[in-house]
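File shown: input00.txt. Contents: compact mmCIF, C-alpha atoms.
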# COMPACT_ATOMS: atom_id res chain seq x y z
CA MET M 19 8.33 43.95 -1.88
CA ALA M 20 11.87 44.34 -3.27
CA GLN M 21 10.66 47.28 -5.34
CA VAL M 22 8.99 48.90 -2.33
CA CYS M 23 12.19 48.53 -0.29
CA GLU M 24 14.28 50.10 -3.05
CA GLU M 25 11.86 53.03 -3.41
CA GLN M 26 12.26 53.67 0.31
CA GLY M 27 16.02 53.24 0.19
CA TRP M 28 15.94 50.16 2.41
CA SER M 29 18.20 47.14 2.13
CA TRP M 30 16.44 43.80 1.78
CA TYR M 31 17.10 40.06 1.73
CA ASP M 32 14.74 37.20 0.90
CA LEU M 33 14.65 33.50 1.77
CA ALA M 34 15.87 32.47 -1.70
CA GLY M 35 19.10 34.45 -1.27
CA ASN M 36 18.18 37.43 -3.43
CA CYS M 37 19.19 40.73 -1.86
CA ARG M 38 20.15 44.39 -2.17
CA LEU M 39 22.34 45.51 0.68
CA SER M 40 23.46 49.09 0.48
CA LEU M 41 25.63 51.19 2.75
CA PRO M 42 26.36 54.33 0.69
CA GLY M 43 30.05 54.76 0.07
CA VAL M 44 30.84 51.52 1.93
CA LEU M 45 28.99 48.49 0.57
CA GLU M 46 26.77 47.60 -2.34
CA VAL M 47 25.65 43.97 -2.79
CA GLN M 48 22.95 42.79 -5.19
CA ARG M 49 21.80 39.26 -6.01
CA SER M 50 18.78 38.31 -8.08
CA GLY M 51 17.23 35.48 -10.10
CA HIS M 52 17.24 32.85 -7.32
CA ARG M 53 13.98 30.93 -6.84
CA LEU M 54 12.84 29.76 -3.45
CA LYS M 55 13.17 26.00 -3.15
CA ARG M 56 10.43 24.62 -0.96
CA ARG M 57 11.33 21.56 1.06
CA GLN M 58 8.94 18.71 0.52
CA ARG M 59 7.57 17.39 3.75
CA PRO M 60 8.23 13.68 4.10
CA PRO M 61 5.03 11.64 3.82
CA ARG M 62 3.48 10.87 7.19
CA ALA M 63 1.30 7.98 8.19
CA ASN M 64 -0.79 7.25 11.26
CA LEU M 65 0.20 3.76 12.40
CA GLY M 66 -2.58 3.77 14.98
CA THR M 67 -5.49 3.33 12.56
CA THR M 68 -7.35 0.09 11.92
CA GLU M 69 -6.33 0.15 8.27
CA ALA M 70 -2.63 0.68 9.03
CA ALA M 71 -2.73 -2.11 11.59
CA ARG M 72 -3.89 -4.56 8.89
CA VAL M 73 -0.82 -3.77 6.79
CA ILE M 74 1.59 -3.85 9.72
CA ARG M 75 0.34 -7.23 10.95
CA ALA M 76 0.80 -8.74 7.49
CA LEU M 77 4.35 -7.38 7.33
CA LEU M 78 5.38 -8.38 10.85
CA VAL M 79 4.16 -11.95 11.22
CA PRO M 80 7.33 -14.09 10.96
CA GLU M 81 5.58 -16.38 8.48
CA ASN M 82 5.95 -13.49 5.99
CA ALA M 83 9.43 -12.38 7.08
CA ASN M 84 11.29 -13.02 3.84
CA LEU M 85 8.54 -12.33 1.34
CA ARG M 86 9.00 -9.98 -1.59
CA TRP M 87 5.96 -7.74 -1.57
CA THR M 88 4.26 -5.66 -4.18
CA GLN M 89 1.54 -3.20 -3.29
CA ARG M 90 -1.05 -5.60 -4.68
CA THR M 91 0.19 -8.72 -2.87
CA LEU M 92 0.43 -6.82 0.42
CA SER M 93 -3.04 -5.41 -0.08
CA GLU M 94 -4.45 -8.90 -0.61
CA ALA M 95 -2.55 -10.35 2.37
CA CYS M 96 -4.34 -7.98 4.76
CA LYS M 97 -7.49 -9.20 6.50
CA PRO M 98 -9.75 -7.58 5.59
CA LYS M 99 -8.14 -6.43 2.35
CA ALA M 100 -6.50 -2.98 2.43
CA SER M 101 -6.78 -0.47 -0.41
CA ILE M 102 -3.90 -0.06 -2.85
CA GLY M 103 -3.83 3.66 -2.05
CA LEU M 104 -3.32 3.02 1.65
CA VAL M 105 -0.63 0.41 1.01
CA ASN M 106 1.18 2.79 -1.33
CA LYS M 107 1.17 5.63 1.20
CA LEU M 108 2.16 3.42 4.10
CA ALA M 109 4.89 1.59 2.19
CA ARG M 110 6.51 4.88 1.15
CA TYR M 111 6.44 6.10 4.73
CA LEU M 112 7.86 2.85 6.12
CA ARG M 113 10.59 2.89 3.48
CA ASP M 114 11.54 6.46 4.39
CA GLU M 115 11.70 5.44 8.04
CA GLY M 116 13.98 2.51 7.18
CA TYR M 117 11.58 -0.32 8.08
CA LEU M 118 11.19 -1.49 4.46
CA GLU M 119 13.70 -1.72 1.65
CA TYR M 120 12.87 -1.43 -2.03
CA LEU M 121 14.36 -4.14 -4.21
CA PRO M 122 16.34 -3.26 -7.34
CA LEU M 123 15.18 -4.27 -10.78
CA PRO M 124 14.37 -6.82 -12.13
CA ASP M 125 12.93 -7.70 -8.68
CA GLU M 126 10.21 -5.14 -8.32
CA GLY M 127 8.71 -4.63 -4.90
CA PHE M 128 9.94 -4.34 -1.33
CA ARG M 129 10.49 -6.41 1.79
CA LEU M 130 10.68 -5.99 5.52
CA ARG M 131 14.08 -4.74 6.64
CA ASP M 132 13.69 -3.90 10.34
CA PRO M 133 10.92 -5.89 12.05
CA VAL M 134 11.94 -4.84 15.55
CA GLY M 135 11.90 -1.17 14.60
CA LEU M 136 8.48 -1.48 12.95
CA LEU M 137 7.08 -3.43 15.89
CA THR M 138 8.34 -0.74 18.26
CA ALA M 139 6.82 2.05 16.17
CA TRP M 140 3.49 0.22 16.00
CA ARG M 141 3.58 -0.43 19.75
CA GLU M 142 3.95 3.30 20.38
CA SER M 143 1.01 4.14 18.09
CA TYR M 144 -1.24 1.22 19.07
CA ARG M 145 -4.59 2.23 20.61
CA PHE M 146 -5.21 -0.55 23.11
CA ASP M 147 -7.63 1.75 24.94
CA ARG M 148 -10.08 1.41 22.05
CA HIS M 149 -10.77 -2.19 23.01
CA LYS M 150 -13.66 -2.44 25.45
CA ARG M 151 -12.46 -4.15 28.63
CA LEU M 152 -15.00 -6.08 30.71
CA GLY M 153 -14.58 -7.89 34.00
CA TYR M 154 -16.34 -11.23 34.62
CA PHE M 155 -16.37 -13.80 37.38
CA THR M 156 -16.93 -17.53 37.00
CA LEU M 157 -16.90 -20.32 39.52
CA MET M 158 -15.46 -22.66 36.88
CA GLN M 159 -11.86 -23.64 37.44
CA GLY M 160 -9.24 -26.01 36.13
CA GLN M 161 -10.30 -28.66 33.66
CA LYS M 162 -13.96 -27.66 33.75
CA LEU M 163 -13.07 -24.14 32.66
CA GLN M 164 -10.74 -25.43 29.95
CA THR M 165 -13.46 -27.68 28.60
CA ALA M 166 -15.90 -24.76 28.44
CA LEU M 167 -13.30 -22.60 26.72
CA SER M 168 -12.64 -25.38 24.22
CA GLU M 169 -16.35 -25.54 23.42
CA LEU M 170 -16.48 -21.76 23.01
CA GLY M 171 -13.47 -21.87 20.70
CA GLU M 172 -14.95 -24.70 18.65
CA LYS M 173 -18.26 -22.90 18.22
CA ARG M 174 -16.85 -19.45 17.45
CA GLN M 175 -13.44 -20.09 15.89
CA GLY M 176 -12.22 -16.79 14.45
CA ASN M 177 -14.28 -14.66 16.84
CA VAL M 178 -12.72 -15.58 20.19
CA ALA M 179 -9.11 -16.05 21.24
CA TYR M 180 -6.85 -16.16 24.25
CA ALA M 181 -5.31 -12.72 24.68
CA ALA M 182 -2.46 -10.96 26.49
CA PHE M 183 -1.16 -13.03 29.43
CA SER M 184 -3.22 -16.09 28.53
CA ALA M 185 -1.97 -16.06 24.93
CA ALA M 186 1.59 -15.61 26.19
CA ASP M 187 1.18 -18.81 28.23
CA PHE M 188 1.24 -20.66 24.90
CA GLN M 189 3.92 -18.64 23.21
CA ALA M 190 6.51 -17.75 25.87
CA PRO M 191 5.41 -18.60 29.44
CA HIS M 192 7.01 -16.11 31.81
CA VAL M 193 4.50 -14.41 34.10
CA ARG M 194 2.07 -16.32 36.28
CA GLN M 195 -1.22 -14.58 37.02
CA PRO M 196 -4.65 -15.95 37.99
CA LYS M 197 -6.89 -14.33 35.37
CA THR M 198 -7.95 -15.67 31.99
CA TRP M 199 -7.70 -13.08 29.23
CA LEU M 200 -9.86 -13.41 26.12
CA TYR M 201 -10.79 -11.48 23.01
CA VAL M 202 -14.48 -11.99 22.35
CA SER M 203 -16.44 -10.32 19.56
CA GLY M 204 -19.32 -8.28 20.93
CA SER M 205 -21.96 -10.48 19.30
CA ASP M 206 -20.52 -13.55 21.07
CA LEU M 207 -20.66 -12.19 24.62
CA PRO M 208 -23.99 -13.94 25.43
CA LEU M 209 -22.57 -17.29 24.27
CA MET M 210 -19.42 -16.74 26.32
CA GLU M 211 -21.47 -15.86 29.42
CA ARG M 212 -23.58 -19.00 29.04
CA LEU M 213 -20.79 -21.49 28.34
CA LEU M 214 -18.47 -20.13 31.03
CA GLU M 215 -21.29 -19.41 33.48
CA ALA M 216 -19.77 -15.95 33.79
CA LYS M 217 -21.29 -12.87 35.39
CA PRO M 218 -20.12 -9.28 34.86
CA VAL M 219 -18.55 -7.72 37.97
CA ASP M 220 -17.09 -4.34 38.86
CA SER M 221 -14.21 -5.84 40.85
CA GLY M 222 -12.70 -9.20 41.69
CA GLU M 223 -12.91 -10.55 38.14
CA ASN M 224 -11.12 -13.73 37.13
CA LEU M 225 -12.01 -13.34 33.44
CA VAL M 226 -10.84 -10.30 31.53
CA ILE M 227 -12.82 -9.94 28.30
CA LEU M 228 -11.59 -7.61 25.59
CA VAL M 229 -14.17 -6.71 22.96
CA PRO M 230 -12.01 -5.69 19.99
CA TRP M 231 -12.54 -2.44 18.15
CA ASP M 232 -10.57 -4.03 15.31
CA GLU M 233 -11.35 -7.59 14.20
CA GLY M 234 -7.77 -7.73 12.93
CA VAL M 235 -6.73 -8.95 16.38
CA PHE M 236 -7.77 -12.42 15.16
CA PHE M 237 -5.39 -12.25 12.15
CA LEU M 238 -3.47 -15.56 11.90
CA ALA M 239 -4.57 -16.55 15.38
CA ALA M 240 -2.89 -19.82 16.36
CA PRO M 241 -4.77 -22.91 17.57
CA GLY M 242 -4.25 -23.85 21.19
CA SER M 243 -2.30 -26.89 22.24
CA ASP M 244 -4.05 -30.23 22.71
CA LYS M 245 -3.63 -29.82 26.45
CA ARG M 246 -5.52 -26.53 26.50
CA GLY M 247 -8.15 -27.42 23.93
CA LEU M 248 -9.41 -25.85 20.72
CA MET M 249 -9.40 -22.21 21.75
CA GLN M 250 -7.05 -20.21 19.52
CA SER M 251 -4.70 -17.53 20.81
CA THR M 252 -3.72 -14.23 19.23
CA HIS M 253 -0.65 -14.25 17.02
CA PRO M 254 2.57 -13.44 18.97
CA VAL M 255 2.83 -10.06 17.20
CA GLN M 256 -0.63 -9.11 18.49
CA THR M 257 0.08 -10.64 21.89
CA TYR M 258 3.22 -8.52 22.19
CA VAL M 259 1.58 -5.14 21.58
CA ASP M 260 -1.32 -6.04 23.88
CA LEU M 261 1.02 -7.03 26.71
CA CYS M 262 2.84 -3.73 26.36
CA HIS M 263 -0.39 -1.90 27.24
CA VAL M 264 -2.19 -4.06 29.82
CA GLY M 265 -0.21 -2.82 32.81
CA GLY M 266 1.07 -4.90 35.68
CA ARG M 267 3.84 -7.21 34.51
CA GLY M 268 2.75 -6.92 30.91
CA THR M 269 5.95 -5.19 29.78
CA GLU M 270 8.02 -7.95 31.34
CA ALA M 271 5.93 -10.63 29.64
CA ALA M 272 6.18 -8.77 26.31
CA ALA M 273 9.98 -8.62 26.54
CA ALA M 274 10.12 -12.38 27.15
CA LEU M 275 7.80 -13.03 24.20
CA LEU M 276 9.96 -10.89 21.92
CA GLU M 277 13.14 -12.67 23.02
CA LYS M 278 11.85 -16.25 23.06
CA SER M 279 9.36 -16.28 20.19
CA LEU M 280 9.45 -13.36 17.76
CA LEU M 281 13.19 -12.75 17.38
CA PRO M 282 14.05 -16.41 16.72
CA ALA M 283 11.16 -16.66 14.23
CA TRP M 284 12.27 -13.53 12.35
CA ASN M 285 15.85 -14.78 12.29
CA ARG M 286 14.73 -18.06 10.77
CA GLY M 287 12.72 -16.14 8.18
CA GLY M 288 15.62 -13.90 7.23
CA ALA M 289 14.29 -10.57 8.58
CA THR M 290 16.80 -9.78 11.27
CA GLY M 291 16.64 -5.99 11.28

What does this structure look like when you write it as structure tokens?
Amino acid sequence: MAQVCEEQGWSWYDLAGNCRLSLPGVLEVQRSGHRLKRRQRPPRANLGTTEAARVIRALLVPENANLRWTQRTLSEACKPKASIGLVNKLARYLRDEGYLEYLPLPDEGFRLRDPVGLLTAWRESYRFDRHKRLGYFTLMQGQKLQTALSELGEKRQGNVAYAAFSAADFQAPHVRQPKTWLYVSGSDLPLMERLLEAKPVDSGENLVILVPWDEGVFFLAAPGSDKRGLMQSTHPVQTYVDLCHVGGRGTEAAAALLEKSLLPAWNRGGATG
């Protein structure tokens, strides 16, 4: 193109800084030999995928706050296990965003630097709408309901859990509301309906059942207190992101959970952000 411009007597300038600017009798400027330097796009990652969520949960749970990770150890900490390729891509992205820090030699690996920032980024990408939400009604109340929930939890530990507001009742009680929120795997819905004597309804539900699109919601689920029985509840990290998306006073409950449970736990673990 430079040659074509010169044949036509035109001035020209390219994006690398090469040019021939000519005003006869006034100005003559020529520059050549400069190569165009292409800017490398920073690696991107979709934090809203099932696979990314596995990695983020493993990083964010306060139990892991001060761990030194390698790609292999982080891959194996995910449930189910994440691929090394995914961990590599995600770790580079999270490092570039400032959520992870790479450790100098001889300590190879990386660790969580900004848990609050990573939690916020995950919250914004989290696809709560992919969980199937079902409304149920049961006549069971009080201790009878708790006993039935305990039996359900004992029979299907790892496939059912208190969720959202009900999980927050264990972890940072703040908002009172009359419904019981549960994660229940799709295959366990008939058992739940039988033990809780629950019927699906279009309105007026007192049981909110979330059928997870990602079984990772049960990652490091915590057992319930003796008072409430054997039913486990989602980990506070999972509870937080769910509360941020359920509507109502969920955002308020999530803020209380962050302040009362997650921040103190991260501070004890050494990941203060």

With a distance cut-off of 9 Å and all atoms listed in the file, select the neighbouring residues of region 107-120 of chain M, excluding the residue or stretch itself and same-chain residues fewer than 6 positions from it, and output the selection as an NGL selection string.
:M and (60-65 or 70 or 73 or 89 or 126-136 or 291)

Limited to C-alpha atoms, could you put the picked residues into a file as a PDB file, in the frame of the given file?
ATOM      1  CA  PRO M  60       8.230  13.680   4.100  1.00  0.00           C
ATOM      2  CA  PRO M  61       5.030  11.640   3.820  1.00  0.00           C
ATOM      3  CA  ARG M  62       3.480  10.870   7.190  1.00  0.00           C
ATOM      4  CA  ALA M  63       1.300   7.980   8.190  1.00  0.00           C
ATOM      5  CA  ASN M  64      -0.790   7.250  11.260  1.00  0.00           C
ATOM      6  CA  LEU M  65       0.200   3.760  12.400  1.00  0.00           C
ATOM      7  CA  ALA M  70      -2.630   0.680   9.030  1.00  0.00           C
ATOM      8  CA  VAL M  73      -0.820  -3.770   6.790  1.00  0.00           C
ATOM      9  CA  GLN M  89       1.540  -3.200  -3.290  1.00  0.00           C
ATOM     10  CA  GLU M 126      10.210  -5.140  -8.320  1.00  0.00           C
ATOM     11  CA  GLY M 127       8.710  -4.630  -4.900  1.00  0.00           C
ATOM     12  CA  PHE M 128       9.940  -4.340  -1.330  1.00  0.00           C
ATOM     13  CA  ARG M 129      10.490  -6.410   1.790  1.00  0.00           C
ATOM     14  CA  LEU M 130      10.680  -5.990   5.520  1.00  0.00           C
ATOM     15  CA  ARG M 131      14.080  -4.740   6.640  1.00  0.00           C
ATOM     16  CA  ASP M 132      13.690  -3.900  10.340  1.00  0.00           C
ATOM     17  CA  PRO M 133      10.920  -5.890  12.050  1.00  0.00           C
ATOM     18  CA  VAL M 134      11.940  -4.840  15.550  1.00  0.00           C
ATOM     19  CA  GLY M 135      11.900  -1.170  14.600  1.00  0.00           C
ATOM     20  CA  LEU M 136       8.480  -1.480  12.950  1.00  0.00           C
ATOM     21  CA  GLY M 291      16.640  -5.990  11.280  1.00  0.00           C
TER      22      GLY M 291
END

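In this comparison, which uses only C-alpha atoms, the residue of M:Ser184, M:Thr252, M:Asn106, M:Ser205 approaching Gly268 (chain M) most closely is M:Ser184.
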
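In terms of minimum interatomic distance to Gly176 (chain M), M:Ala239 ranks closest within M:Ala274, M:Cys96, M:Ile102, M:Ala239, counting only C-alpha atoms.
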
Correct to one decimal, the distance CA of Glu233 (chain M)-CA of Thr91 (chain M) is 20.6 Å

Please identify all polymer residues within 8 Å of Ala185 (chain M), counting only C-alpha atoms, omitting same-chain residues fewer than 4 positions from it, and present them as a ChimeraX atom specification. /M:180-181,189,199,251-252,254,257

From CA of Gln175 (chain M) to CA of Trp87 (chain M) the spacing works out at 28.9 Å

Open item on the list: I'd like the interatomic distance between CA of His149 (chain M) and CA of Arg212 (chain M), to a tenth of an Å.
Closed with: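 Straight-line distance from CA of His149 (chain M) to CA of Arg212 (chain M) works out to 22.0 Å.
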
| request: Name the residues in contact with Leu163 (chain M) at a cut-off of 12 Å, using all atoms listed in the file, excluding same-chain residues fewer than 3 positions from it; report them as a ChimeraX atom specification. | output: /M:155-160,166-170,197-198,210,213-216,224-225,246-247,249

- Item | Selection: 9 Å around Asn82 (chain M), only C-alpha atoms, excl. self and same-chain fewer than 5 positions, as a list in words |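 Non-adjacent residues within range: Ala76, Leu77, Leu130, Trp284 and Gly287 of chain M.
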
task: Identify, on the basis of all atoms listed in the file, every residue whose closest approach to Trp140 (chain M) does not exceed 8 Å; exclude the query and any residue fewer than 4 positions from it along the same chain; express the result as a PyMOL selection string.
output: chain M and resi 65-66+71+74+136+144+259
